[in-house]
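Trainee: TSV, C-alpha atoms, saved as coords_36.tsv, coming up:
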```tsv
chain	number	residue	atom	x	y	z
A	16	MET	CA	0.00	0.00	0.00
A	17	SER	CA	2.74	2.40	0.84
A	18	LEU	CA	4.29	1.81	-2.56
A	19	VAL	CA	0.99	2.76	-4.21
A	20	LEU	CA	0.82	5.87	-2.05
A	21	GLU	CA	4.41	6.79	-2.92
A	22	LEU	CA	3.61	6.33	-6.60
A	23	PHE	CA	0.51	8.51	-6.25
A	24	LEU	CA	2.44	11.31	-4.53
A	25	ALA	CA	5.32	11.18	-7.02
A	26	PHE	CA	3.01	11.50	-10.03
A	27	ALA	CA	0.73	14.06	-8.36
A	28	LEU	CA	3.80	16.26	-7.86
A	29	LEU	CA	4.84	15.74	-11.48
A	30	SER	CA	1.37	16.70	-12.72
A	31	PHE	CA	1.90	20.28	-11.53
A	32	ILE	CA	4.85	20.79	-13.88
A	33	ALA	CA	3.45	18.82	-16.83
A	34	PHE	CA	3.42	21.76	-19.24
A	35	GLY	CA	3.15	20.12	-22.63
A	36	GLY	CA	1.48	17.02	-21.22
A	37	ALA	CA	2.89	13.62	-20.36
A	38	THR	CA	5.26	13.62	-23.34
A	39	ALA	CA	7.17	16.60	-21.98
A	40	LEU	CA	7.34	14.82	-18.65
A	41	LEU	CA	9.26	11.77	-19.94
A	42	PRO	CA	12.72	12.90	-18.73
A	43	GLU	CA	11.47	13.71	-15.24
A	44	MET	CA	9.44	10.49	-15.02
A	45	HIS	CA	12.60	8.62	-15.95
A	46	ARG	CA	14.53	10.40	-13.21
A	47	VAL	CA	11.90	9.68	-10.54
A	48	VAL	CA	11.01	6.13	-11.54
A	49	VAL	CA	14.37	4.76	-12.76
A	50	GLU	CA	17.11	6.86	-11.16
A	51	ASN	CA	15.69	7.95	-7.78
A	52	HIS	CA	13.41	5.08	-6.77
A	53	HIS	CA	14.83	2.25	-8.90
A	54	TRP	CA	11.28	1.04	-9.48
A	55	LEU	CA	12.10	0.13	-13.11
A	56	ASP	CA	15.24	-0.34	-15.17
A	57	ASP	CA	16.18	1.54	-18.33
A	58	ALA	CA	15.09	-1.20	-20.71
A	59	THR	CA	11.65	-1.62	-19.15
A	60	PHE	CA	11.06	2.15	-19.20
A	61	THR	CA	11.85	2.26	-22.92
A	62	HIS	CA	9.64	-0.76	-23.59
A	63	LEU	CA	6.72	0.85	-21.76
A	64	TYR	CA	7.12	3.97	-23.87
A	65	ALA	CA	7.11	1.82	-27.01
A	66	ILE	CA	3.95	-0.01	-25.88
A	67	ALA	CA	2.19	3.28	-25.11
A	68	GLN	CA	3.08	4.46	-28.63
A	69	ALA	CA	1.56	1.36	-30.16
A	70	ALA	CA	-1.71	1.64	-28.21
A	71	PRO	CA	-4.60	4.03	-28.88
A	72	GLY	CA	-5.44	6.77	-26.42
A	73	PRO	CA	-4.07	9.96	-24.92
A	74	ASN	CA	-0.30	10.18	-24.32
A	75	VAL	CA	-0.89	10.18	-20.58
A	76	LEU	CA	-1.33	6.39	-20.67
A	77	VAL	CA	2.43	5.80	-20.46
A	78	VAL	CA	1.89	6.76	-16.82
A	79	THR	CA	-0.68	3.96	-16.48
A	80	LEU	CA	1.86	1.45	-17.78
A	81	ILE	CA	4.55	2.65	-15.38
A	82	GLY	CA	2.09	2.36	-12.49
A	83	TRP	CA	1.16	-1.17	-13.56
A	84	GLU	CA	4.76	-2.36	-13.76
A	85	VAL	CA	5.60	-0.83	-10.38
A	86	ALA	CA	2.55	-1.84	-8.34
A	87	GLY	CA	0.00	-3.76	-10.40
A	88	LEU	CA	-3.61	-2.67	-10.96
A	89	LEU	CA	-3.69	-0.38	-7.93
A	90	GLY	CA	-0.46	1.20	-9.12
A	91	ALA	CA	-1.91	1.76	-12.59
A	92	LEU	CA	-5.01	3.41	-11.14
A	93	ALA	CA	-3.02	5.49	-8.65
A	94	ALA	CA	-0.52	6.78	-11.21
A	95	THR	CA	-3.23	7.65	-13.77
A	96	LEU	CA	-5.42	9.35	-11.19
A	97	ALA	CA	-2.45	11.25	-9.73
A	98	MET	CA	-1.50	12.56	-13.16
A	99	CYS	CA	-5.04	13.67	-14.07
A	100	LEU	CA	-6.87	14.59	-10.86
A	101	PRO	CA	-5.02	17.62	-9.42
A	102	MET	CA	-5.24	19.73	-12.58
A	103	SER	CA	-8.77	18.49	-13.30
A	104	VAL	CA	-9.87	19.92	-9.96
A	105	VAL	CA	-8.05	23.18	-10.63
A	106	ILE	CA	-9.56	23.51	-14.08
A	107	TYR	CA	-13.04	22.62	-12.79
A	108	LEU	CA	-12.78	25.52	-10.35
A	109	LEU	CA	-11.12	27.98	-12.72
A	110	ILE	CA	-12.93	27.53	-16.05
A	111	ASP	CA	-15.74	29.96	-15.21
A	112	ARG	CA	-13.19	32.66	-14.42
A	113	TRP	CA	-11.07	31.95	-17.50
A	114	GLU	CA	-12.82	34.62	-19.58
A	115	GLY	CA	-11.87	37.11	-16.88
A	116	PHE	CA	-8.14	36.52	-17.15
A	117	ALA	CA	-7.74	35.27	-20.72
A	118	GLY	CA	-5.89	37.90	-22.69
A	119	LYS	CA	-4.43	39.67	-19.65
A	120	ARG	CA	-0.77	40.55	-20.04
A	121	TRP	CA	0.48	38.10	-17.39
A	122	GLN	CA	-1.58	35.27	-18.90
A	123	LYS	CA	-0.19	35.92	-22.36
A	124	ALA	CA	3.33	36.23	-20.95
A	125	ILE	CA	3.09	32.80	-19.31
A	126	SER	CA	1.63	31.17	-22.45
A	127	LEU	CA	4.29	32.75	-24.64
A	128	GLY	CA	7.08	31.98	-22.17
A	129	VAL	CA	6.18	28.36	-21.47
A	130	ALA	CA	5.96	27.27	-25.13
A	131	PRO	CA	9.74	27.24	-25.83
A	132	LEU	CA	10.32	25.31	-22.59
A	133	ALA	CA	7.82	22.64	-23.65
A	134	VAL	CA	9.68	22.22	-26.96
A	135	GLY	CA	12.91	21.69	-25.05
A	136	LEU	CA	11.21	19.11	-22.83
A	137	VAL	CA	9.86	17.08	-25.75
A	138	PHE	CA	13.29	17.20	-27.40
A	139	SER	CA	14.85	15.99	-24.14
A	140	GLY	CA	12.30	13.16	-24.01
A	141	ALA	CA	13.39	12.08	-27.49
A	142	THR	CA	17.08	12.04	-26.57
A	143	LEU	CA	16.25	10.15	-23.37
A	144	ILE	CA	14.43	7.39	-25.29
A	145	ALA	CA	17.30	7.25	-27.76
A	146	ARG	CA	19.81	6.89	-24.92
A	147	SER	CA	17.94	4.26	-22.92
A	148	ALA	CA	17.10	2.24	-26.02
A	149	GLU	CA	20.84	2.05	-26.88
A	150	LEU	CA	20.14	2.49	-30.57
A	151	GLY	CA	22.60	1.12	-33.12
A	152	TRP	CA	23.39	2.80	-36.44
A	153	ALA	CA	20.54	1.10	-38.27
A	154	ALA	CA	18.10	2.23	-35.60
A	155	TRP	CA	19.41	5.79	-35.84
A	156	LEU	CA	18.81	5.63	-39.57
A	157	LEU	CA	15.23	4.56	-38.86
A	158	VAL	CA	14.88	7.47	-36.41
A	159	ALA	CA	16.08	9.92	-39.08
A	160	LEU	CA	13.81	8.46	-41.75
A	161	THR	CA	10.85	8.60	-39.34
A	162	VAL	CA	11.49	12.28	-38.61
A	163	ILE	CA	11.71	13.16	-42.30
A	164	ALA	CA	8.70	11.07	-43.34
A	165	ASN	CA	6.60	12.33	-40.44
A	166	LEU	CA	7.38	15.96	-41.24
A	167	ARG	CA	6.99	15.62	-45.01
A	168	THR	CA	3.88	13.42	-45.25
A	169	THR	CA	0.51	13.14	-43.56
A	170	LEU	CA	0.81	9.38	-43.03
A	171	HIS	CA	-0.97	8.08	-39.94
A	172	PRO	CA	1.49	7.43	-37.07
A	173	LEU	CA	0.28	3.83	-36.95
A	174	TRP	CA	2.06	3.17	-40.26
A	175	PHE	CA	5.34	4.21	-38.70
A	176	ILE	CA	4.74	1.99	-35.68
A	177	GLY	CA	3.96	-0.92	-38.01
A	178	VAL	CA	7.11	-0.39	-40.05
A	179	GLY	CA	9.19	-0.12	-36.87
A	180	ALA	CA	7.69	-3.31	-35.45
A	181	THR	CA	8.27	-5.18	-38.73
A	182	LEU	CA	11.87	-4.03	-39.11
A	183	GLY	CA	12.45	-4.97	-35.47
A	184	LEU	CA	10.95	-8.44	-35.96
A	185	LEU	CA	13.16	-8.98	-38.99
A	186	GLY	CA	16.16	-8.12	-36.83
A	187	LEU	CA	17.11	-5.15	-38.99
A	188	VAL	CA	17.30	-2.50	-36.26
B	5	MET	CA	-29.28	52.36	-10.58
B	6	VAL	CA	-30.83	49.88	-12.94
B	7	LYS	CA	-33.45	47.63	-11.45
B	8	VAL	CA	-32.29	44.04	-11.37
B	9	CYS	CA	-35.39	42.62	-12.98
B	10	GLN	CA	-35.31	45.11	-15.87
B	11	PRO	CA	-32.69	44.17	-18.42
B	12	MET	CA	-30.87	47.13	-19.90
B	13	PRO	CA	-32.01	47.64	-23.47
B	14	SER	CA	-28.49	48.14	-24.76
B	15	ARG	CA	-27.20	44.81	-23.37
B	16	PRO	CA	-30.21	42.53	-23.56
B	17	ASN	CA	-28.35	39.27	-23.21
B	18	SER	CA	-25.59	40.13	-20.78
B	19	GLY	CA	-26.78	37.65	-18.16
B	20	TRP	CA	-26.94	34.90	-20.73
B	21	LYS	CA	-23.46	35.36	-22.05
B	22	ASN	CA	-22.06	32.19	-20.57
B	23	ARG	CA	-25.00	29.97	-21.32
B	24	PRO	CA	-23.97	27.36	-23.88
B	25	GLU	CA	-27.45	26.65	-25.21
B	26	THR	CA	-28.76	28.45	-28.23
B	27	PRO	CA	-31.35	31.05	-27.19
B	28	LEU	CA	-34.98	30.10	-27.70
B	29	THR	CA	-35.38	32.82	-30.31
B	30	ALA	CA	-32.58	31.54	-32.50
B	31	PRO	CA	-32.85	32.82	-36.06
B	32	GLY	CA	-34.81	30.49	-38.27
B	33	LYS	CA	-36.38	28.71	-35.28
B	34	LYS	CA	-39.52	30.73	-34.61
B	35	HIS	CA	-41.47	27.97	-32.92
B	36	PRO	CA	-40.46	27.53	-29.27
B	37	TRP	CA	-41.05	23.76	-29.32
B	38	GLY	CA	-38.82	23.37	-32.33
B	39	ALA	CA	-36.09	25.29	-30.58
B	40	ALA	CA	-36.47	23.19	-27.45
B	41	ILE	CA	-36.06	19.98	-29.41
B	42	ASP	CA	-33.00	21.40	-31.10
B	43	GLU	CA	-31.60	22.35	-27.71
B	44	ALA	CA	-32.12	18.89	-26.26
B	45	LYS	CA	-30.21	17.46	-29.17
B	46	ILE	CA	-27.09	19.53	-28.59
B	47	ARG	CA	-27.14	19.19	-24.78
B	48	PRO	CA	-25.62	15.76	-24.18
B	49	ASP	CA	-26.51	13.64	-21.17
B	50	LEU	CA	-23.98	11.69	-19.09
B	51	ARG	CA	-24.16	8.66	-21.35
B	52	ALA	CA	-23.54	10.75	-24.44
B	53	LEU	CA	-20.59	12.49	-22.78
B	54	PHE	CA	-19.09	9.17	-21.70
B	55	LEU	CA	-19.55	7.55	-25.11
B	56	GLY	CA	-18.52	10.62	-27.09
B	57	PHE	CA	-15.24	10.91	-25.24
B	58	SER	CA	-14.73	7.13	-25.36
B	59	SER	CA	-14.75	7.32	-29.14
B	60	VAL	CA	-12.18	10.13	-28.96
B	61	GLY	CA	-9.92	8.18	-26.61
B	62	LEU	CA	-10.00	5.07	-28.75
B	63	SER	CA	-9.46	6.73	-32.12
B	64	GLY	CA	-6.18	8.53	-31.58
B	65	PHE	CA	-2.62	7.27	-31.62
B	66	GLY	CA	0.02	9.58	-30.21
B	67	GLY	CA	-2.27	12.39	-29.15
B	68	VAL	CA	-6.05	12.56	-29.44
B	69	LEU	CA	-6.68	16.31	-29.33
B	70	PRO	CA	-7.49	16.59	-33.06
B	71	PHE	CA	-10.05	13.81	-32.64
B	72	ALA	CA	-11.61	15.64	-29.69
B	73	ARG	CA	-12.03	18.72	-31.85
B	74	ARG	CA	-13.58	16.71	-34.68
B	75	MET	CA	-16.06	15.02	-32.33
B	76	LEU	CA	-17.06	18.16	-30.43
B	77	VAL	CA	-17.20	20.69	-33.25
B	78	GLU	CA	-17.90	18.74	-36.44
B	79	GLU	CA	-19.66	15.48	-35.57
B	80	LYS	CA	-21.76	16.17	-32.47
B	81	ARG	CA	-21.75	19.97	-32.73
B	82	TRP	CA	-21.69	20.38	-28.99
B	83	MET	CA	-19.54	23.48	-29.46
B	84	THR	CA	-18.67	25.96	-32.18
B	85	ALA	CA	-15.07	26.24	-33.36
B	86	GLU	CA	-14.72	29.56	-31.49
B	87	GLU	CA	-16.06	28.07	-28.26
B	88	PHE	CA	-13.70	25.14	-28.65
B	89	ASN	CA	-10.68	27.41	-29.08
B	90	ALA	CA	-11.67	29.59	-26.13
B	91	GLN	CA	-12.14	26.62	-23.79
B	92	LEU	CA	-8.99	24.94	-25.03
B	93	GLY	CA	-7.10	28.07	-24.01
B	94	LEU	CA	-7.25	27.30	-20.29
B	95	CYS	CA	-6.66	23.59	-20.90
B	96	GLN	CA	-3.41	24.41	-22.67
B	97	PHE	CA	-2.50	27.16	-20.25
B	98	LEU	CA	-2.53	24.83	-17.26
B	99	PRO	CA	-0.16	21.88	-16.95
B	100	GLY	CA	-1.45	18.30	-17.20
B	101	PRO	CA	-2.84	16.25	-20.07
B	102	ASN	CA	-4.66	18.84	-22.23
B	103	VAL	CA	-7.29	16.50	-23.55
B	104	VAL	CA	-8.21	15.27	-20.06
B	105	ASN	CA	-8.56	18.89	-18.97
B	106	LEU	CA	-10.75	19.51	-22.01
B	107	ALA	CA	-13.00	16.57	-21.12
B	108	VAL	CA	-13.47	18.02	-17.62
B	109	VAL	CA	-14.41	21.41	-19.07
B	110	VAL	CA	-16.90	20.01	-21.58
B	111	GLY	CA	-18.38	17.62	-19.01
B	112	LYS	CA	-18.87	20.40	-16.47
B	113	ARG	CA	-20.41	22.70	-19.05
B	114	TYR	CA	-23.24	20.30	-19.86
B	115	ARG	CA	-23.75	18.18	-16.75
B	116	GLY	CA	-21.91	19.85	-13.88
B	117	LEU	CA	-19.82	17.71	-11.54
B	118	ALA	CA	-21.24	14.40	-12.80
B	119	GLY	CA	-20.39	15.39	-16.37
B	120	ALA	CA	-16.92	16.52	-15.34
B	121	ILE	CA	-16.36	12.99	-14.06
B	122	ALA	CA	-18.14	11.04	-16.81
B	123	ALA	CA	-16.33	12.71	-19.72
B	124	PRO	CA	-12.70	12.14	-18.63
B	125	VAL	CA	-13.52	8.65	-17.34
B	126	GLY	CA	-15.03	7.85	-20.74
B	127	LEU	CA	-11.94	9.25	-22.44
B	128	LEU	CA	-9.56	7.09	-20.41
B	129	ALA	CA	-11.48	3.88	-19.61
B	130	GLY	CA	-11.12	2.15	-23.00
B	131	PRO	CA	-7.45	2.97	-23.60
B	132	PHE	CA	-6.72	2.11	-19.94
B	133	VAL	CA	-8.02	-1.44	-20.44
B	134	ILE	CA	-6.22	-1.87	-23.77
B	135	VAL	CA	-2.93	-0.65	-22.38
B	136	LEU	CA	-3.20	-3.01	-19.40
B	137	LEU	CA	-3.91	-5.95	-21.69
B	138	LEU	CA	-0.76	-5.07	-23.63
B	139	ALA	CA	1.12	-4.78	-20.34
B	140	MET	CA	0.02	-8.30	-19.39
B	141	LEU	CA	1.26	-9.59	-22.73
B	142	TYR	CA	4.52	-7.76	-22.10
B	143	ASP	CA	4.85	-9.28	-18.62
B	144	ARG	CA	4.36	-12.74	-20.05
B	145	TYR	CA	6.23	-12.55	-23.37
B	146	GLY	CA	8.36	-9.42	-22.99
B	147	ASN	CA	11.54	-11.41	-22.46
B	148	LEU	CA	11.26	-13.38	-25.69
B	149	PRO	CA	13.86	-12.30	-28.25
B	150	LEU	CA	11.18	-11.66	-30.89
B	151	ALA	CA	9.19	-9.40	-28.59
B	152	LEU	CA	12.34	-7.54	-27.60
B	153	SER	CA	13.39	-6.88	-31.17
B	154	MET	CA	9.87	-5.73	-32.07
B	155	LEU	CA	9.86	-3.31	-29.13
B	156	ARG	CA	13.30	-2.07	-30.18
B	157	GLY	CA	11.93	-1.21	-33.63
B	158	ILE	CA	8.88	0.54	-32.17
B	159	ALA	CA	11.04	2.47	-29.70
B	160	ALA	CA	13.24	3.76	-32.54
B	161	VAL	CA	10.17	4.92	-34.48
B	162	GLY	CA	8.65	6.40	-31.32
B	163	CYS	CA	11.88	8.29	-30.75
B	164	GLY	CA	11.72	9.66	-34.30
B	165	LEU	CA	8.09	10.73	-33.79
B	166	LEU	CA	9.17	12.63	-30.66
B	167	PHE	CA	11.96	14.45	-32.50
B	168	ALA	CA	9.50	15.33	-35.27
B	169	MET	CA	6.98	16.58	-32.71
B	170	ALA	CA	9.64	18.75	-31.05
B	171	TRP	CA	10.61	20.13	-34.45
B	172	ARG	CA	7.02	20.94	-35.36
B	173	MET	CA	6.40	22.60	-31.99
B	174	GLY	CA	9.62	24.57	-32.37
B	175	MET	CA	8.66	25.80	-35.83
B	176	ALA	CA	5.28	26.92	-34.48
B	177	LEU	CA	6.89	29.17	-31.84
B	178	LYS	CA	6.34	32.89	-32.14
B	179	HIS	CA	9.38	35.20	-32.11
B	180	LYS	CA	11.84	32.33	-32.66
B	181	ALA	CA	14.96	34.47	-32.45
B	182	VAL	CA	13.99	35.53	-28.94
B	183	PHE	CA	12.53	32.30	-27.58
B	184	LEU	CA	14.44	29.44	-29.25
B	185	PRO	CA	17.43	30.08	-26.93
B	186	PHE	CA	15.17	29.09	-24.02
B	187	THR	CA	14.38	25.83	-25.84
B	188	VAL	CA	18.10	25.17	-26.17
B	189	LEU	CA	18.69	26.00	-22.50
B	190	THR	CA	15.87	23.69	-21.40
B	191	ALA	CA	17.17	20.81	-23.50
B	192	ALA	CA	20.76	21.40	-22.35
B	193	THR	CA	19.88	21.45	-18.65
B	194	ILE	CA	17.35	18.59	-18.75
B	195	ALA	CA	18.87	16.22	-21.31
B	196	GLY	CA	22.52	17.25	-20.97
B	197	LEU	CA	23.11	18.19	-17.34
B	198	ARG	CA	20.17	16.12	-16.04
B	199	TRP	CA	19.00	18.89	-13.73
B	200	PRO	CA	15.66	18.29	-11.97
B	201	MET	CA	12.74	19.50	-14.03
B	202	PRO	CA	10.89	21.47	-11.29
B	203	ALA	CA	13.91	23.75	-10.80
B	204	VAL	CA	14.43	24.15	-14.55
B	205	MET	CA	10.75	24.92	-15.12
B	206	ILE	CA	10.57	27.56	-12.38
B	207	ALA	CA	13.77	29.27	-13.50
B	208	GLY	CA	12.76	28.93	-17.16
B	209	LEU	CA	9.30	30.35	-16.58
B	210	LEU	CA	10.73	33.33	-14.72
B	211	LEU	CA	13.30	34.05	-17.46
B	212	SER	CA	11.29	33.18	-20.55
B	213	GLY	CA	8.03	34.52	-19.09
B	214	GLY	CA	9.85	37.67	-18.05
B	215	VAL	CA	11.11	38.24	-21.57
B	216	ALA	CA	7.59	37.57	-22.89
B	217	TRP	CA	6.16	40.07	-20.40
B	218	TRP	CA	8.67	42.67	-21.55
B	219	LYS	CA	7.98	41.95	-25.22
B	220	LEU	CA	4.22	42.21	-24.74
B	221	GLY	CA	4.66	45.60	-23.05
B	222	ARG	CA	6.68	47.06	-25.89
B	223	LYS	CA	3.91	46.75	-28.47
```
Taking this structure as input, can you express it in the form of structure tokens?

Mentor:
Amino acid sequence: MSLVLELFLAFALLSFIAFGGATALLPEMHRVVVENHHWLDDATFTHLYAIAQAAPGPNVLVVTLIGWEVAGLLGALAATLAMCLPMSVVIYLLIDRWEGFAGKRWQKAISLGVAPLAVGLVFSGATLIARSAELGWAAWLLVALTVIANLRTTLHPLWFIGVGATLGLLGLV
Amino acid sequence: MVKVCQPMPSRPNSGWKNRPETPLTAPGKKHPWGAAIDEAKIRPDLRALFLGFSSVGLSGFGGVLPFARRMLVEEKRWMTAEEFNAQLGLCQFLPGPNVVNLAVVVGKRYRGLAGAIAAPVGLLAGPFVIVLLLAMLYDRYGNLPLALSMLRGIAAVGCGLLFAMAWRMGMALKHKAVFLPFTVLTAATIAGLRWPMPAVMIAGLLLSGGVAWWKLGRK
């Protein structure tokens, strides 16, 4: 039980800095879950990210997977709830006042100021996955091709996942 | 002073500004019963909220926000595009999963607290079950060489999708010359120096937000 509680508190804290959603939170989740608490190892963390990519649903579900691997069903529920509940309560209370402070200078300054940080966080998440997955040269080539194809075409992300899974199965990356 | 019960002629609808429903005297709907039926159609009940957001949760891979917009604005017409953008503003302003925040907002708007619970639960319930089924498969077969090599391939692609997402977000930034340095600083401190994110975010918000504040004041 205390492990579930610890998990809940850790993710509830993280939810308050999750600008840019769960994706931007990957590096910090890795620090908390792998480096500080040693709940998971590098390989498992990377695998969970890969599974979350291959499943439908909001990005936040990587948190569900981490919770499951750490503490089973209760862990999955606790981690998901911890990530979603605090800000849901805040937004429930604030939404009626939003019109009052939308467009104020401080609100625009925060929105404008936080955007470049979120980009840096997502980029850091990408390098973190690359590092923990210990990619070889062929895998790096696949990463580069994915970036180019994803930016140049409107192909559904599922196609990329399928290609990655196939190349992996064939032992090519 | 204006009497409370007498609406001011110049602002006849001021008290109704935040009401989501179309007014009974909507243009083209002269008959009050017709308007009421129309209203019932666009005001979803708990079941509709749960199911509507379930379909959103299950249709998206790697981010479902575009699907939420399509469901709310185009398919069900629960909101106009302008309303959607306005409500999304706060959801994106606050931290946390944007689309979960959006579900809370939409749920509250139509069915109060119960709706604010039903909508996000609907959004997450289906994917939650699917992801746990995959996790059970992983627990059982995750050590097999075939499974490992498949996951390695997916991880590489997932990594590429993240880089592409960062690139796209970076290109969408306003005033790149001013703000891209903060992106570089964030990446350097988080990915390079492995500093804790809370400290980086607070310092970054003060610096980057401060510059934004200054820029906004100069216009």

Trainee: Neighbours of Leu211 (chain B) within 12 Å (only C-alpha atoms; same-chain residues fewer than 6 positions away dropped), as a ChimeraX atom specification?

Mentor: /A:124-125,127-129,131-132 /B:182-183,185-187,189-190,204-205,217-218

Trainee: Would you mind exporting the chosen residues as a short mmCIF file (atom, residue, chain, number, x, y, z; two decimals), in the coordinates of the input, restricted to C-alpha atoms?

Mentor:
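Once everything was written out, this is selection.cif:
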```cif
data_model
loop_
_atom_site.label_atom_id
_atom_site.label_comp_id
_atom_site.auth_asym_id
_atom_site.auth_seq_id
_atom_site.Cartn_x
_atom_site.Cartn_y
_atom_site.Cartn_z
CA ALA A 124 3.33 36.23 -20.95
CA ILE A 125 3.09 32.80 -19.31
CA LEU A 127 4.29 32.75 -24.64
CA GLY A 128 7.08 31.98 -22.17
CA VAL A 129 6.18 28.36 -21.47
CA PRO A 131 9.74 27.24 -25.83
CA LEU A 132 10.32 25.31 -22.59
CA VAL B 182 13.99 35.53 -28.94
CA PHE B 183 12.53 32.30 -27.58
CA PRO B 185 17.43 30.08 -26.93
CA PHE B 186 15.17 29.09 -24.02
CA THR B 187 14.38 25.83 -25.84
CA LEU B 189 18.69 26.00 -22.50
CA THR B 190 15.87 23.69 -21.40
CA VAL B 204 14.43 24.15 -14.55
CA MET B 205 10.75 24.92 -15.12
CA TRP B 217 6.16 40.07 -20.40
CA TRP B 218 8.67 42.67 -21.55
#
```

Trainee: Which residue, B:Gly157, B:Pro149, B:Gly162, B:Pro101, has the smallest gap to Phe65 (chain B) when you use all atoms listed in the file?

Mentor: B:Gly162

Trainee: Report the distance between CA of Gly36 (chain A) and CA of Asp49 (chain B) in Å, rounded to one decimal place.

Mentor: 28.2 Å

Trainee: Could you tell me how far CA of Gln122 (chain A) lies from CA of Gln96 (chain B), in Å and to one decimal?

Mentor: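 CA of Gln122 (chain A) sits 11.6 Å away from CA of Gln96 (chain B).
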
Trainee: Point out the residue among A:Leu182, A:Leu173, A:Ala154, A:Ala141 with the least atom-to-atom distance to Met169 (chain B), counting only C-alpha atoms.

Mentor: A:Ala141

Trainee: Write out as a short mmCIF file (atom, residue, chain, number, x, y, z; two decimals) with C-alpha atoms, keeping the file's coordinate frame each polymer residue whose atoms come within 9 Å of Gly35 (chain A), counting all atoms listed in the file; drop sequence neighbours fewer than 4 positions from it.

Mentor:
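The resulting selection.cif:
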```
data_model
loop_
_atom_site.label_atom_id
_atom_site.label_comp_id
_atom_site.auth_asym_id
_atom_site.auth_seq_id
_atom_site.Cartn_x
_atom_site.Cartn_y
_atom_site.Cartn_z
CA ALA A 39 7.17 16.60 -21.98
CA LEU A 40 7.34 14.82 -18.65
CA VAL A 129 6.18 28.36 -21.47
CA ALA A 130 5.96 27.27 -25.13
CA LEU A 132 10.32 25.31 -22.59
CA ALA A 133 7.82 22.64 -23.65
CA VAL A 134 9.68 22.22 -26.96
CA LEU A 136 11.21 19.11 -22.83
CA VAL A 137 9.86 17.08 -25.75
CA GLN B 96 -3.41 24.41 -22.67
CA PRO B 99 -0.16 21.88 -16.95
CA GLY B 100 -1.45 18.30 -17.20
CA PRO B 101 -2.84 16.25 -20.07
CA ASN B 102 -4.66 18.84 -22.23
#
```

Trainee: Check the smallest atom-to-atom distance from each of B:Leu138, B:Ile194, B:Leu177, B:Leu209 to His62 (chain A) using only C-alpha atoms, then report the winner.

Mentor: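 Selected residue with least distance to His62 (chain A): B:Leu138.
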
Trainee: Adding 4 Å on each side of the box along x, y and z that holds all listed atoms of region 72-84 of chain A, could you give its centre and edge lengths in Å to one decimal, as lines of an AutoDock Vina configuration file?

Mentor:
```
center_x = -0.3
center_y = 3.9
center_z = -19.5
size_x = 18.2
size_y = 20.5
size_z = 21.9
```

Trainee: Applying 8 Å and all atoms listed in the file, which residues near region 68-82 of chain B remain after dropping the ones on its own chain fewer than 6 positions away? List them as a ChimeraX atom specification.

Mentor: /A:72-73 /B:46-48,56-57,60-61,88,102-103

Trainee: Could you write those residues out with C-alpha atoms, as an mmCIF file, in the coordinates of the input?

Mentor:
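In the end it all went to part-v2.cif:
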```cif
data_model
loop_
_atom_site.group_PDB
_atom_site.id
_atom_site.type_symbol
_atom_site.label_atom_id
_atom_site.label_comp_id
_atom_site.auth_asym_id
_atom_site.auth_seq_id
_atom_site.Cartn_x
_atom_site.Cartn_y
_atom_site.Cartn_z
ATOM 1 C CA GLY A 72 -5.440 6.770 -26.420
ATOM 2 C CA PRO A 73 -4.070 9.960 -24.920
ATOM 3 C CA ILE B 46 -27.090 19.530 -28.590
ATOM 4 C CA ARG B 47 -27.140 19.190 -24.780
ATOM 5 C CA PRO B 48 -25.620 15.760 -24.180
ATOM 6 C CA GLY B 56 -18.520 10.620 -27.090
ATOM 7 C CA PHE B 57 -15.240 10.910 -25.240
ATOM 8 C CA VAL B 60 -12.180 10.130 -28.960
ATOM 9 C CA GLY B 61 -9.920 8.180 -26.610
ATOM 10 C CA PHE B 88 -13.700 25.140 -28.650
ATOM 11 C CA ASN B 102 -4.660 18.840 -22.230
ATOM 12 C CA VAL B 103 -7.290 16.500 -23.550
#
```

Trainee: With all atoms listed in the file as the counted atoms, please give the residues lying no more than 12 Å from Pro200 (chain B), apart from itself and same-chain residues fewer than 4 positions off, as number ranges by chain.

Mentor: A: 29, 32, 40, 42-47, 50-51, 136; B: 190-196, 204-207

Trainee: Given the choices B:Met175, B:Leu141, B:Met154, B:Leu50, which gets closest to chain A if the distance is worked out from all atoms listed in the file?

Mentor: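 Of the candidates, the smallest distance to chain A is held by B:Met154.
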
Trainee: Using Å and a single decimal, report how far CA of Gly164 (chain B) sits from CA of Trp152 (chain A).

Mentor: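 Separating CA of Trp152 (chain A) from CA of Gly164 (chain B) is a distance of 13.7 Å.
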
Trainee: Can you pull out the residues contacting Trp113 (chain A)? Cut-off 12 Å, using all atoms listed in the file, and skip same-chain residues under 3 positions away; I want them as a PyMOL selection string.

Mentor: (chain A and resi 105-110+116-119+122) or (chain B and resi 22+90-98+109)

Trainee: Return the single residue from B:Ala168, B:Leu210, B:Ala123, B:Met173 that is closest to Ala52 (chain B), with distances computed using all atoms listed in the file.

Mentor: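 When distances to Ala52 (chain B) are compared using all atoms listed in the file, the smallest one comes from B:Ala123.
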
Trainee: Which residue, A:Asp57, A:Asp111, A:Leu22, A:Val48, has the smallest gap to chain B when you use all atoms listed in the file?

Mentor: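 With all atoms listed in the file as the atom set, the closest residue is A:Asp111.
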